[in-house]
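Peer 1: Below is the file work-v7.tsv, with TSV, C-alpha atoms and all ligand atoms.
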```tsv
chain	number	residue	atom	x	y	z
A	123	MET	CA	-52.11	92.82	-54.26
A	124	LYS	CA	-53.94	96.18	-54.30
A	125	LEU	CA	-51.83	98.98	-52.90
A	126	PRO	CA	-53.58	101.46	-50.59
A	127	PHE	CA	-54.74	104.66	-52.30
A	128	ILE	CA	-53.06	106.76	-49.61
A	129	LEU	CA	-49.77	106.12	-51.46
A	130	ALA	CA	-51.00	107.80	-54.61
A	131	LYS	CA	-52.95	110.59	-52.91
A	132	ARG	CA	-50.35	113.19	-53.71
A	133	PHE	CA	-50.61	112.67	-57.48
A	134	VAL	CA	-54.17	111.36	-57.92
A	135	ALA	CA	-57.23	113.44	-56.94
A	136	GLY	CA	-59.42	110.49	-55.92
A	137	GLU	CA	-60.61	107.07	-56.96
A	138	THR	CA	-63.94	108.47	-58.21
A	139	PHE	CA	-65.11	111.64	-59.98
A	140	ASP	CA	-67.02	112.69	-56.85
A	141	GLU	CA	-63.85	112.44	-54.77
A	142	ALA	CA	-61.98	114.58	-57.31
A	143	VAL	CA	-64.64	117.34	-57.57
A	144	PRO	CA	-63.67	119.33	-54.42
A	145	LYS	CA	-60.05	119.47	-55.60
A	146	ILE	CA	-61.10	120.64	-59.05
A	147	THR	CA	-63.44	123.24	-57.60
A	148	GLU	CA	-60.66	124.54	-55.37
A	149	LEU	CA	-58.26	124.91	-58.32
A	150	ASN	CA	-60.97	126.50	-60.49
A	151	SER	CA	-61.66	128.99	-57.68
A	152	LYS	CA	-58.00	130.05	-58.03
A	153	ASN	CA	-58.63	130.65	-61.76
A	154	ILE	CA	-56.78	127.50	-62.77
A	155	PRO	CA	-58.59	125.36	-65.36
A	156	ILE	CA	-58.23	121.59	-65.28
A	157	THR	CA	-57.77	118.63	-67.57
A	158	LEU	CA	-59.33	115.52	-66.05
A	159	ASP	CA	-57.81	112.14	-66.77
A	160	LEU	CA	-59.59	108.92	-65.90
A	161	LEU	CA	-56.61	106.66	-65.22
A	162	GLY	CA	-56.04	103.39	-67.03
A	163	GLU	CA	-54.37	102.05	-70.17
A	164	ASN	CA	-54.22	99.08	-72.53
A	165	VAL	CA	-57.75	97.71	-72.46
A	166	LYS	CA	-57.78	94.38	-74.32
A	167	ASP	CA	-61.50	93.57	-74.62
A	168	ARG	CA	-64.51	95.32	-76.13
A	169	VAL	CA	-66.69	95.06	-73.02
A	170	THR	CA	-64.16	97.08	-70.99
A	171	ALA	CA	-63.47	99.51	-73.84
A	172	ASP	CA	-67.22	100.13	-74.31
A	173	LYS	CA	-67.59	100.72	-70.58
A	174	THR	CA	-64.68	103.17	-70.67
A	175	VAL	CA	-66.27	105.15	-73.51
A	176	ALA	CA	-69.55	105.27	-71.57
A	177	THR	CA	-67.65	106.50	-68.50
A	178	TYR	CA	-65.86	109.19	-70.54
A	179	ILE	CA	-69.22	110.34	-71.92
A	180	GLU	CA	-70.66	110.46	-68.39
A	181	LEU	CA	-67.59	112.42	-67.37
A	182	LEU	CA	-68.12	115.05	-70.08
A	183	GLU	CA	-71.77	115.39	-69.06
A	184	ALA	CA	-70.84	115.57	-65.35
A	185	ILE	CA	-68.28	118.33	-66.03
A	186	LYS	CA	-70.95	120.30	-67.86
A	187	GLU	CA	-73.55	119.65	-65.17
A	188	ALA	CA	-71.19	120.72	-62.35
A	189	LYS	CA	-70.08	123.76	-64.42
A	190	LEU	CA	-66.41	122.87	-63.92
A	191	ASP	CA	-63.71	124.57	-65.98
A	192	SER	CA	-62.29	121.31	-67.24
A	193	THR	CA	-61.38	119.50	-70.44
A	194	ILE	CA	-60.57	115.78	-70.50
A	195	SER	CA	-57.56	113.75	-71.61
A	196	ILE	CA	-57.90	110.21	-72.86
A	197	LYS	CA	-55.65	107.35	-73.93
A	198	LEU	CA	-56.55	105.58	-77.17
A	199	THR	CA	-55.47	102.22	-75.69
A	200	MET	CA	-58.30	102.64	-73.18
A	201	ILE	CA	-60.91	102.81	-75.94
A	202	GLY	CA	-59.78	99.94	-78.11
A	203	LEU	CA	-56.59	100.86	-79.98
A	204	ASP	CA	-55.08	97.45	-79.15
A	205	ILE	CA	-58.26	95.74	-80.41
A	206	ASP	CA	-59.03	97.33	-83.80
A	207	TYR	CA	-58.25	100.70	-85.47
A	208	GLU	CA	-61.77	101.41	-86.75
A	209	TYR	CA	-63.41	100.32	-83.53
A	210	CYS	CA	-61.16	102.70	-81.58
A	211	GLN	CA	-61.83	105.50	-84.05
A	212	ASN	CA	-65.61	105.01	-83.75
A	213	ASN	CA	-65.32	105.06	-79.97
A	214	LEU	CA	-63.40	108.32	-80.16
A	215	TYR	CA	-66.03	109.81	-82.49
A	216	ARG	CA	-68.82	108.84	-80.05
A	217	LEU	CA	-66.99	110.82	-77.42
A	218	LEU	CA	-66.25	113.74	-79.71
A	219	GLU	CA	-69.91	113.99	-80.73
A	220	VAL	CA	-70.72	114.71	-77.07
A	221	ALA	CA	-67.80	117.13	-76.78
A	222	LYS	CA	-69.05	118.97	-79.87
A	223	LYS	CA	-72.65	119.08	-78.62
A	224	ASN	CA	-71.49	120.52	-75.25
A	225	ASP	CA	-68.70	122.68	-76.72
A	226	GLN	CA	-66.05	120.75	-74.81
A	227	PHE	CA	-62.52	119.57	-75.55
A	228	VAL	CA	-60.89	116.14	-75.57
A	229	ARG	CA	-57.11	115.71	-75.71
A	230	ILE	CA	-55.51	112.46	-76.83
A	231	ASP	CA	-52.54	111.71	-74.55
A	232	MET	CA	-49.43	110.25	-76.18
A	233	GLU	CA	-48.37	106.78	-75.10
A	234	GLY	CA	-45.21	104.70	-75.79
A	235	SER	CA	-43.48	104.86	-79.20
A	236	ASP	CA	-45.30	101.77	-80.55
A	237	TYR	CA	-48.41	103.96	-80.60
A	238	THR	CA	-47.01	107.27	-81.92
A	239	GLN	CA	-47.88	106.88	-85.61
A	240	VAL	CA	-51.29	105.35	-85.05
A	241	THR	CA	-52.18	108.03	-82.47
A	242	ILE	CA	-51.22	110.77	-84.93
A	243	ASP	CA	-53.27	109.03	-87.67
A	244	VAL	CA	-56.36	108.78	-85.47
A	245	PHE	CA	-55.90	112.39	-84.36
A	246	THR	CA	-55.48	113.88	-87.84
A	247	GLU	CA	-58.62	112.14	-89.09
A	248	ALA	CA	-60.58	113.24	-86.01
A	249	PHE	CA	-59.25	116.79	-86.39
A	250	LYS	CA	-60.75	117.04	-89.89
A	251	LEU	CA	-64.18	116.21	-88.43
A	252	TYR	CA	-64.09	117.78	-84.96
A	253	GLY	CA	-61.52	120.63	-85.25
A	254	LYS	CA	-61.31	122.69	-82.08
A	255	HIS	CA	-62.83	119.90	-79.94
A	256	VAL	CA	-59.82	117.60	-80.18
A	257	GLY	CA	-56.10	117.91	-79.47
A	258	ILE	CA	-52.97	115.78	-79.25
A	259	VAL	CA	-49.74	115.46	-77.26
A	260	ILE	CA	-46.24	115.40	-78.73
A	261	GLN	CA	-43.11	114.18	-76.95
A	262	ALA	CA	-39.95	116.28	-77.47
A	263	TYR	CA	-37.58	113.35	-76.80
A	264	LEU	CA	-38.58	111.34	-79.90
A	265	HIS	CA	-36.28	111.68	-82.93
A	266	ARG	CA	-39.32	111.68	-85.23
A	267	THR	CA	-40.89	114.70	-83.51
A	268	LYS	CA	-39.24	117.28	-85.76
A	269	ASP	CA	-41.40	116.06	-88.69
A	270	ASP	CA	-44.52	115.48	-86.58
A	271	ILE	CA	-44.40	118.98	-85.09
A	272	SER	CA	-44.03	120.52	-88.51
A	273	MET	CA	-47.03	118.61	-89.89
A	274	LEU	CA	-49.22	119.29	-86.82
A	275	ALA	CA	-48.28	122.98	-86.71
A	276	ASN	CA	-49.10	123.33	-90.40
A	277	ILE	CA	-52.61	121.97	-89.93
A	278	GLY	CA	-53.08	124.24	-86.87
A	279	ALA	CA	-53.53	121.43	-84.36
A	280	ASP	CA	-53.94	122.07	-80.64
A	281	VAL	CA	-50.74	120.48	-79.29
A	282	ARG	CA	-49.54	119.80	-75.76
A	283	LEU	CA	-45.74	119.60	-75.81
A	284	CYS	CA	-44.10	117.41	-73.15
A	285	LYS	CA	-40.69	115.75	-72.83
A	286	GLY	CA	-42.04	112.17	-72.90
A	287	ALA	CA	-42.64	109.84	-69.98
A	288	TYR	CA	-41.97	106.34	-71.39
A	289	LYS	CA	-38.69	104.47	-71.40
A	290	GLU	CA	-37.48	104.50	-75.03
A	291	SER	CA	-34.24	103.25	-76.59
A	292	LYS	CA	-31.61	105.62	-78.00
A	293	ASP	CA	-32.60	104.68	-81.57
A	294	ILE	CA	-36.01	106.15	-80.90
A	295	ALA	CA	-35.50	108.93	-78.40
A	296	LEU	CA	-32.94	111.40	-77.07
A	297	GLN	CA	-31.52	110.23	-73.75
A	298	ASP	CA	-29.62	113.26	-72.49
A	299	MET	CA	-31.64	115.85	-70.54
A	300	ASP	CA	-29.86	118.86	-72.10
A	301	ASP	CA	-30.58	117.51	-75.59
A	302	ILE	CA	-34.23	116.95	-74.67
A	303	ARG	CA	-34.47	120.51	-73.36
A	304	GLU	CA	-32.97	121.90	-76.58
A	305	ALA	CA	-35.43	119.88	-78.67
A	306	TYR	CA	-38.29	121.09	-76.44
A	307	LYS	CA	-37.28	124.72	-77.03
A	308	GLU	CA	-37.05	124.23	-80.79
A	309	TYR	CA	-40.53	122.66	-80.96
A	310	ALA	CA	-42.01	125.24	-78.57
A	311	LYS	CA	-40.86	127.99	-80.95
A	312	VAL	CA	-42.51	126.28	-83.94
A	313	LEU	CA	-45.78	125.81	-82.05
A	314	ILE	CA	-45.82	129.40	-80.80
A	315	GLU	CA	-45.19	130.69	-84.30
A	316	LYS	CA	-47.74	128.53	-86.07
A	317	THR	CA	-50.51	127.47	-83.69
A	318	LYS	CA	-53.16	129.36	-81.78
A	319	MET	CA	-52.57	128.11	-78.24
A	320	PRO	CA	-49.67	125.73	-77.67
A	321	ARG	CA	-49.72	123.97	-74.30
A	322	MET	CA	-46.33	123.78	-72.62
A	323	ALA	CA	-46.37	120.82	-70.27
A	324	THR	CA	-43.33	120.80	-68.00
A	325	HIS	CA	-42.28	121.31	-64.39
A	326	ASP	CA	-38.73	122.05	-65.46
A	327	GLU	CA	-37.60	125.39	-64.03
A	328	ILE	CA	-35.10	125.82	-66.89
A	329	LEU	CA	-37.83	125.48	-69.53
A	330	VAL	CA	-40.40	127.54	-67.65
A	331	ASP	CA	-37.88	130.39	-67.25
A	332	TRP	CA	-36.73	130.07	-70.85
A	333	LEU	CA	-40.31	130.31	-72.14
A	334	MET	CA	-41.04	133.43	-70.14
A	335	LYS	CA	-37.81	135.09	-71.33
A	336	TYR	CA	-38.33	133.98	-74.94
A	337	ALA	CA	-41.86	135.42	-75.00
A	338	ASN	CA	-40.61	138.66	-73.53
A	339	GLN	CA	-37.66	138.93	-75.94
A	340	GLU	CA	-39.77	138.19	-79.02
A	341	ASN	CA	-42.71	140.37	-77.95
A	342	ILE	CA	-45.02	137.38	-77.79
A	343	GLU	CA	-48.16	138.07	-75.77
A	344	ILE	CA	-48.25	135.82	-72.69
A	345	SER	CA	-51.85	135.02	-73.59
A	346	ARG	CA	-50.55	133.14	-76.67
A	347	PHE	CA	-49.54	129.95	-74.80
A	348	GLU	CA	-50.45	127.92	-71.75
A	349	PHE	CA	-48.37	126.29	-69.01
A	350	GLN	CA	-49.52	122.83	-67.94
A	351	MET	CA	-48.39	120.88	-64.88
A	352	LEU	CA	-49.51	117.72	-63.14
A	353	TYR	CA	-51.68	117.61	-60.04
A	354	GLY	CA	-49.54	117.49	-56.89
A	355	LEU	CA	-46.45	119.01	-58.50
A	356	ARG	CA	-45.42	122.66	-58.21
A	357	GLN	CA	-48.89	124.01	-57.45
A	358	ASP	CA	-47.31	127.10	-55.88
A	359	THR	CA	-45.57	127.83	-59.20
A	360	MET	CA	-48.86	127.42	-61.06
A	361	GLU	CA	-50.58	129.85	-58.70
A	362	GLU	CA	-47.76	132.34	-59.13
A	363	LEU	CA	-47.85	132.06	-62.94
A	364	THR	CA	-51.65	132.49	-62.87
A	365	SER	CA	-51.34	135.60	-60.72
A	366	LYS	CA	-48.85	137.04	-63.23
A	367	GLY	CA	-51.41	136.62	-66.02
A	368	TYR	CA	-50.10	133.46	-67.73
A	369	ASN	CA	-52.55	130.84	-68.94
A	370	THR	CA	-52.21	127.76	-66.77
A	371	ARG	CA	-53.88	124.37	-66.52
A	372	ILE	CA	-53.44	121.48	-64.11
A	373	TYR	CA	-53.78	117.89	-65.30
A	374	VAL	CA	-55.79	116.06	-62.65
A	375	PRO	CA	-55.82	112.25	-62.78
A	376	PHE	CA	-58.40	110.20	-60.91
A	377	GLY	CA	-59.66	106.62	-60.87
A	378	THR	CA	-58.91	103.25	-59.38
A	379	MET	CA	-56.30	102.24	-61.98
A	380	TRP	CA	-53.69	104.66	-60.68
A	381	PHE	CA	-50.67	102.38	-60.31
A	382	PRO	CA	-48.89	102.78	-63.74
A	383	TYR	CA	-49.31	106.59	-63.61
A	384	PHE	CA	-48.10	106.67	-60.00
A	385	LYS	CA	-45.08	104.52	-60.91
A	386	ARG	CA	-44.09	106.89	-63.77
A	387	ARG	CA	-44.15	109.87	-61.39
A	388	LEU	CA	-41.93	108.01	-58.91
A	389	MET	CA	-39.45	106.96	-61.59
A	390	GLU	CA	-39.18	110.54	-62.89
A	391	ARG	CA	-37.90	112.14	-59.74
A	392	LYS	CA	-36.35	110.69	-56.61
A	393	GLU	CA	-37.80	113.55	-54.53
A	394	ASN	CA	-41.24	112.18	-55.35
A	395	ILE	CA	-40.31	108.88	-53.71
A	396	TRP	CA	-39.19	110.63	-50.54
A	397	PHE	CA	-42.41	112.60	-50.54
A	398	ILE	CA	-44.50	109.41	-50.70
A	399	PHE	CA	-42.59	107.80	-47.85
A	400	SER	CA	-42.90	110.91	-45.73
A	401	THR	CA	-46.69	111.14	-46.29
A	402	MET	CA	-47.05	107.47	-45.32
A	403	PHE	CA	-46.05	108.37	-41.80
A	404	LYS	CA	-48.29	111.41	-41.55
A	405	LYS	CA	-51.83	111.20	-40.23
S	1	LIG	P1	-38.37	116.61	-65.26
S	1	LIG	O1	-38.97	115.50	-64.44
S	1	LIG	O2	-37.59	116.25	-66.46
S	1	LIG	O3	-37.47	117.46	-64.29
S	1	LIG	C1	-36.53	118.42	-64.76
S	1	LIG	C2	-36.21	119.40	-63.65
S	1	LIG	O4	-37.38	120.19	-63.37
S	1	LIG	C3	-35.83	118.77	-62.33
S	1	LIG	O5	-34.49	118.41	-62.29
S	1	LIG	C4	-36.19	119.89	-61.37
S	1	LIG	O6	-35.18	120.86	-61.38
S	1	LIG	C5	-37.44	120.48	-61.99
S	1	LIG	N1	-38.64	119.83	-61.40
S	1	LIG	C6	-39.31	118.77	-61.87
S	1	LIG	N2	-40.35	118.46	-61.07
S	1	LIG	C7	-40.31	119.34	-60.07
S	1	LIG	C8	-41.11	119.55	-58.91
S	1	LIG	N3	-42.14	118.78	-58.62
S	1	LIG	N4	-40.78	120.56	-58.06
S	1	LIG	C9	-39.71	121.35	-58.33
S	1	LIG	N5	-38.91	121.20	-59.41
S	1	LIG	C10	-39.21	120.23	-60.25
S	1	LIG	N6	-45.88	112.33	-71.08
S	1	LIG	C11	-46.19	111.51	-72.11
S	1	LIG	O7	-45.37	110.70	-72.53
S	1	LIG	N7	-47.44	111.58	-72.68
S	1	LIG	C12	-48.37	112.49	-72.26
S	1	LIG	O8	-49.49	112.52	-72.82
S	1	LIG	C13	-48.02	113.37	-71.19
S	1	LIG	N8	-48.91	114.30	-70.73
S	1	LIG	C14	-48.48	115.23	-69.79
S	1	LIG	C15	-49.32	116.26	-69.38
S	1	LIG	C16	-48.88	117.23	-68.52
S	1	LIG	C17	-49.79	118.35	-68.14
S	1	LIG	C18	-47.54	117.16	-68.01
S	1	LIG	C19	-47.01	118.22	-67.09
S	1	LIG	C20	-46.73	116.12	-68.35
S	1	LIG	C21	-47.18	115.13	-69.22
S	1	LIG	N9	-46.37	114.07	-69.57
S	1	LIG	C22	-46.75	113.24	-70.61
S	1	LIG	C23	-45.13	113.77	-68.78
S	1	LIG	C24	-43.90	114.39	-69.40
S	1	LIG	O9	-43.59	113.77	-70.61
S	1	LIG	C25	-42.69	114.25	-68.45
S	1	LIG	O10	-42.45	112.90	-68.23
S	1	LIG	C26	-42.88	114.93	-67.11
S	1	LIG	O11	-43.56	116.15	-67.21
S	1	LIG	C27	-41.49	115.18	-66.47
S	1	LIG	O12	-40.74	116.10	-67.22
S	1	LIG	P2	-40.61	117.64	-66.77
S	1	LIG	O13	-40.21	118.44	-67.92
S	1	LIG	O14	-41.89	118.04	-66.11
S	1	LIG	O15	-39.49	117.67	-65.65
```
Please rewrite the model in this file as C-alpha cells.
Peer 2:
Amino acid sequence: MKLPFILAKRFVAGETFDEAVPKITELNSKNIPITLDLLGENVKDRVTADKTVATYIELLEAIKEAKLDSTISIKLTMIGLDIDYEYCQNNLYRLLEVAKKNDQFVRIDMEGSDYTQVTIDVFTEAFKLYGKHVGIVIQAYLHRTKDDISMLANIGADVRLCKGAYKESKDIALQDMDDIREAYKEYAKVLIEKTKMPRMATHDEILVDWLMKYANQENIEISRFEFQMLYGLRQDTMEELTSKGYNTRIYVPFGTMWFPYFKRRLMERKENIWFIFSTMFKK
C-alpha cells in the first residue's frame, strides 16, 4: 500500500526535484544553504543503481543550472554498496567527477553499523582523489567512533557529526542520551580543533547551547563550524542562528521513496507523531 505524500509533507520537500525547488529557493533567500537528499536506500540491482547515479548526476547539473546554494547527500547503498564494492566505488567516482567539474560537494551519509567500516573505506579512498568535493558523516553513539574521529580529523576530512539514527545494540552503540551527548561534545571538540569546517548536525537544545558557549569560552570564531538541521524541524532556530552570524545548513530530503526516512523521524520524537496527525486534519 502506498501511503499518501501528505503524511510526509512536513519532513520531505516534495516527490520530485521541481516540487522541492521553491522550498530550497525560499531557504536560500534567507541565507540558509541546503543539502539535498534524494530519498531511498538499499538498492539490490545494477539497473536501479545505474539509474540512481544518473539521477544524482542530473541533480548536480540541475542545482548548478538553477544556481541553488546546495550540496547533495547520498547513501552508498543506493549506488550499489550491497552489490559490489568496486562497482559502488566507480559509481561514486562518476558522481564526484561531475562534482569536481562543477566545483560542487557530495556528502556520504552514514547508514546502519553493518556499513560503517565499508563507508569509511570508500570515503577515505575517494578523499585521496577528490579532496574538498567529498565528505562523510560520523555517528557519536557508536563505540568505535573515538578511533574513527581521530583518523578522519587527522586527514582533515569534512565531517558531519550526528548522534546516529539507526537502532543499534548496546555492544555497538551507547544507549543512554546523556552518554551520547557527552560523546558528541568530545568529538565536536576534536573536529573543531583539527578540521576546517565541522558540521554539527543536531536539533538538541542542550548541544546547540553547549556549542555556542564552548566556542565563546575558547575564543573559537563562530565561522569555524556549521549547524545542520533537518527540513521541517526547528526552522525558527536555524533562522535565528543565521541572523546571529552562525553558519547554518538545512538538509532537505525529496523523492518518492520517503517512507523509511519518515519512519525514522517519527520514531525519534513523539511530538513528531502528534504533528503528523494534526496536519492530517488540516486543509
Ligand atoms: P534528539 O532527537 O536526540 O532530541 C534531543 C532533544 O532535542 C529533545 O529531547 C528536544 O529537547 C530537542 N529537540 C529535538 N528535536 C526538536 C524539535 N524538532 N524541536 C524542538 N526541540 C527538539 N543520522 C545517521 O545515522 N546518519 C546520517 O547520515 C544522518 N544525517 C543527518 C543529517 C542532519 C543534517 C541531521 C540534523 C541529522 C542527521 N542524522 C543522521 C540523524 C541524527 O543521527 C539523529 O537521529 C537526529 O538528528 C536526532 O537527534 P538530535 O540530536 O537532533 O535530537
Peer 1: Restricting the calculation to only C-alpha atoms, which member of A:Gly286, A:Lys186, A:Ile196, A:Lys385 is positioned closest to Asn224 in chain A?
Peer 2: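 Between A:Gly286, A:Lys186, A:Ile196, A:Lys385, the residue approaching Asn224 in chain A most closely is A:Lys186.
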Peer 1: Any idea what's packed within 7 Å of Ile201 in chain A, counting all atoms listed in the file, ignoring anything in its chain fewer than 5 positions away? Could you give it as a list in words?
Peer 2: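 Near neighbours after the sequence-gap exclusion: Val165, Ala171, Thr174, Val175, Cys210 and Asn213 of chain A.
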Peer 1: Selected residues, C-alpha atoms, written as a CSV table (one decimal), in the coordinates of the input, please.
Peer 2:
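What landed in again.csv:
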```csv
chain,number,residue,atom,x,y,z
A,165,VAL,CA,-57.8,97.7,-72.5
A,171,ALA,CA,-63.5,99.5,-73.8
A,174,THR,CA,-64.7,103.2,-70.7
A,175,VAL,CA,-66.3,105.2,-73.5
A,210,CYS,CA,-61.2,102.7,-81.6
A,213,ASN,CA,-65.3,105.1,-80.0
```
Peer 1: Quick one: everything within 10 Å of Ala142 in chain A, counting only C-alpha atoms, minus sequence neighbours fewer than 5 positions away in the same chain. Send it as a PyMOL selection string.
Peer 2: chain A and resi 134-137+147+158+374-377
Peer 1: Mind dumping a table of every chain A residue within 7 Å of ligand LIG 1 (chain S), with the nearest atom pair and its distance in Å to one decimal, using all atoms listed in the file, sorted by chain and rising number, as JSON lines?
Peer 2:
```
{"residue": "A:Asp231", "atom": "CA", "partner": "S:LIG1", "partner_atom": "O8", "distance": 3.6}
{"residue": "A:Met232", "atom": "CA", "partner": "S:LIG1", "partner_atom": "O8", "distance": 4.1}
{"residue": "A:Glu233", "atom": "CA", "partner": "S:LIG1", "partner_atom": "N7", "distance": 5.5}
{"residue": "A:Gly234", "atom": "CA", "partner": "S:LIG1", "partner_atom": "O7", "distance": 6.8}
{"residue": "A:Val259", "atom": "CA", "partner": "S:LIG1", "partner_atom": "O8", "distance": 5.3}
{"residue": "A:Gln261", "atom": "CA", "partner": "S:LIG1", "partner_atom": "O7", "distance": 6.1}
{"residue": "A:Cys284", "atom": "CA", "partner": "S:LIG1", "partner_atom": "O9", "distance": 4.5}
{"residue": "A:Lys285", "atom": "CA", "partner": "S:LIG1", "partner_atom": "O9", "distance": 4.2}
{"residue": "A:Gly286", "atom": "CA", "partner": "S:LIG1", "partner_atom": "O9", "distance": 3.2}
{"residue": "A:Ala287", "atom": "CA", "partner": "S:LIG1", "partner_atom": "O10", "distance": 3.5}
{"residue": "A:Tyr288", "atom": "CA", "partner": "S:LIG1", "partner_atom": "O7", "distance": 5.6}
{"residue": "A:Ala323", "atom": "CA", "partner": "S:LIG1", "partner_atom": "C19", "distance": 4.2}
{"residue": "A:Thr324", "atom": "CA", "partner": "S:LIG1", "partner_atom": "O14", "distance": 3.6}
{"residue": "A:His325", "atom": "CA", "partner": "S:LIG1", "partner_atom": "O14", "distance": 3.7}
{"residue": "A:Asp326", "atom": "CA", "partner": "S:LIG1", "partner_atom": "O4", "distance": 3.1}
{"residue": "A:Glu327", "atom": "CA", "partner": "S:LIG1", "partner_atom": "O4", "distance": 5.2}
{"residue": "A:Gln350", "atom": "CA", "partner": "S:LIG1", "partner_atom": "C17", "distance": 4.5}
{"residue": "A:Met351", "atom": "CA", "partner": "S:LIG1", "partner_atom": "C19", "distance": 3.7}
{"residue": "A:Leu352", "atom": "CA", "partner": "S:LIG1", "partner_atom": "C19", "distance": 4.7}
{"residue": "A:Leu355", "atom": "CA", "partner": "S:LIG1", "partner_atom": "N3", "distance": 4.3}
{"residue": "A:Arg356", "atom": "CA", "partner": "S:LIG1", "partner_atom": "N4", "distance": 5.1}
{"residue": "A:Ile372", "atom": "CA", "partner": "S:LIG1", "partner_atom": "C17", "distance": 6.3}
{"residue": "A:Tyr373", "atom": "CA", "partner": "S:LIG1", "partner_atom": "C17", "distance": 4.9}
{"residue": "A:Glu390", "atom": "CA", "partner": "S:LIG1", "partner_atom": "O1", "distance": 5.2}
{"residue": "A:Arg391", "atom": "CA", "partner": "S:LIG1", "partner_atom": "O1", "distance": 5.9}
```
Peer 1: Distance CA of Leu313 in chain A-CA of Leu214 in chain A, one decimal place?
Peer 2: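 Separation of CA of Leu313 in chain A and CA of Leu214 in chain A: 24.9 Å.
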Peer 1: Measure the distance from CA of Lys223 in chain A to CA of Leu149 in chain A in Å and round it to one decimal.
Peer 2: 25.6 Å
Peer 1: Can you work out the spacing between CA of Arg346 in chain A and CA of Thr370 in chain A in Å, to one decimal?
Peer 2: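 Computing the Euclidean distance for CA of Arg346 in chain A and CA of Thr370 in chain A yields 11.4 Å.
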Peer 1: Do a neighbour search on Gly278 in chain A at 9 Å with only C-alpha atoms, toss out local chain neighbours closer than 4 positions, and write the hits as a PyMOL selection string.
Peer 2: chain A and resi 273-274+313+316-318
Peer 1: Take the selection from the previous step and output its residues with C-alpha atoms, as a tab-separated table (two decimals), in the frame of the given file.
Peer 2:
```
chain	number	residue	atom	x	y	z
A	273	MET	CA	-47.03	118.61	-89.89
A	274	LEU	CA	-49.22	119.29	-86.82
A	313	LEU	CA	-45.78	125.81	-82.05
A	316	LYS	CA	-47.74	128.53	-86.07
A	317	THR	CA	-50.51	127.47	-83.69
A	318	LYS	CA	-53.16	129.36	-81.78
```
Peer 1: Neighbouring residues of Asp159 in chain A were defined as those with any atom within 6 Å, considering only C-alpha atoms; residues of the same chain fewer than 2 positions away were excluded. Please report them as a PyMOL selection string.
Peer 2: chain A and resi 161+194-195+375
Peer 1: Compute the distance from (-61.3, 96.2, -83.1) to each atom, counting all atoms listed in the file, keep the residues with any atom at most 12 Å away, and return them as a list in words; use the coordinates of the file.
Peer 2: Val165, Lys166, Asp167, Arg168, Val169, Ala171, Asp172, Thr199, Ile201, Gly202, Leu203, Asp204, Ile205, Asp206, Tyr207, Glu208, Tyr209, Cys210, Gln211, Asn212 and Asn213 of chain A
Peer 1: Nearest residue to Lys222 in chain A out of A:Lys250, A:Lys131, A:Lys289, A:His255, using all atoms listed in the file?
Peer 2: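 Closest to Lys222 in chain A, using all atoms listed in the file: A:His255.
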Peer 1: Between A:Gln226, A:Thr359, A:Gln297, A:Asn338, single out the one closest to Gly253 in chain A, counting only C-alpha atoms.
Peer 2: A:Gln226
Peer 1: Could you work out an axis-aligned bounding box for all listed atoms of range 306-324 of chain A, with 3 Å added on each of the six sides, and give its centre and edge lengths in Å to one decimal, as lines of an AutoDock Vina configuration file?
Peer 2:
```
center_x = -45.1
center_y = 125.7
center_z = -77.0
size_x = 22.1
size_y = 15.9
size_z = 24.1
```
Peer 1: Neighbourhood query: residues within 6 Å of (-56.2, 102.4, -64.4), file coordinates, counting only C-alpha atoms; return as a PDB file with C-alpha atoms, keeping the file's coordinate frame.
Peer 2:
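Printed below is result_37.pdb as written:
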```pdb
ATOM      1  CA  LEU A 161     -56.610 106.660 -65.220  1.00  0.00           C
ATOM      2  CA  GLY A 162     -56.040 103.390 -67.030  1.00  0.00           C
ATOM      3  CA  THR A 378     -58.910 103.250 -59.380  1.00  0.00           C
ATOM      4  CA  MET A 379     -56.300 102.240 -61.980  1.00  0.00           C
ATOM      5  CA  TRP A 380     -53.690 104.660 -60.680  1.00  0.00           C
TER       6      TRP A 380
END
```
Peer 1: Find the residue from A:Tyr178, A:Ile271, A:Asp236, A:Ala262 that sits nearest to Asp301 in chain A; use all atoms listed in the file when measuring.
Peer 2: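 Selected residue with least distance to Asp301 in chain A: A:Ala262.
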Peer 1: Could you give me, as a list in words, the residues within 8 Å of Leu181 in chain A, counting all atoms listed in the file and dropping anything in the same chain fewer than 4 positions from it?
Peer 2: Phe139, Thr177 and Ile185 of chain A
Peer 1: Which residue is closest to Thr138 in chain A? Choose from A:Leu160, A:Leu182, A:Leu388, A:Leu329 and count only C-alpha atoms.
Peer 2: A:Leu160
Peer 1: Of the candidates A:Tyr237, A:Tyr368, A:Tyr263, A:Trp332, which one gets nearest to Ile294 in chain A if we count all atoms listed in the file?
Peer 2: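 Comparing A:Tyr237, A:Tyr368, A:Tyr263, A:Trp332 against Ile294 in chain A, the winner is A:Tyr263.
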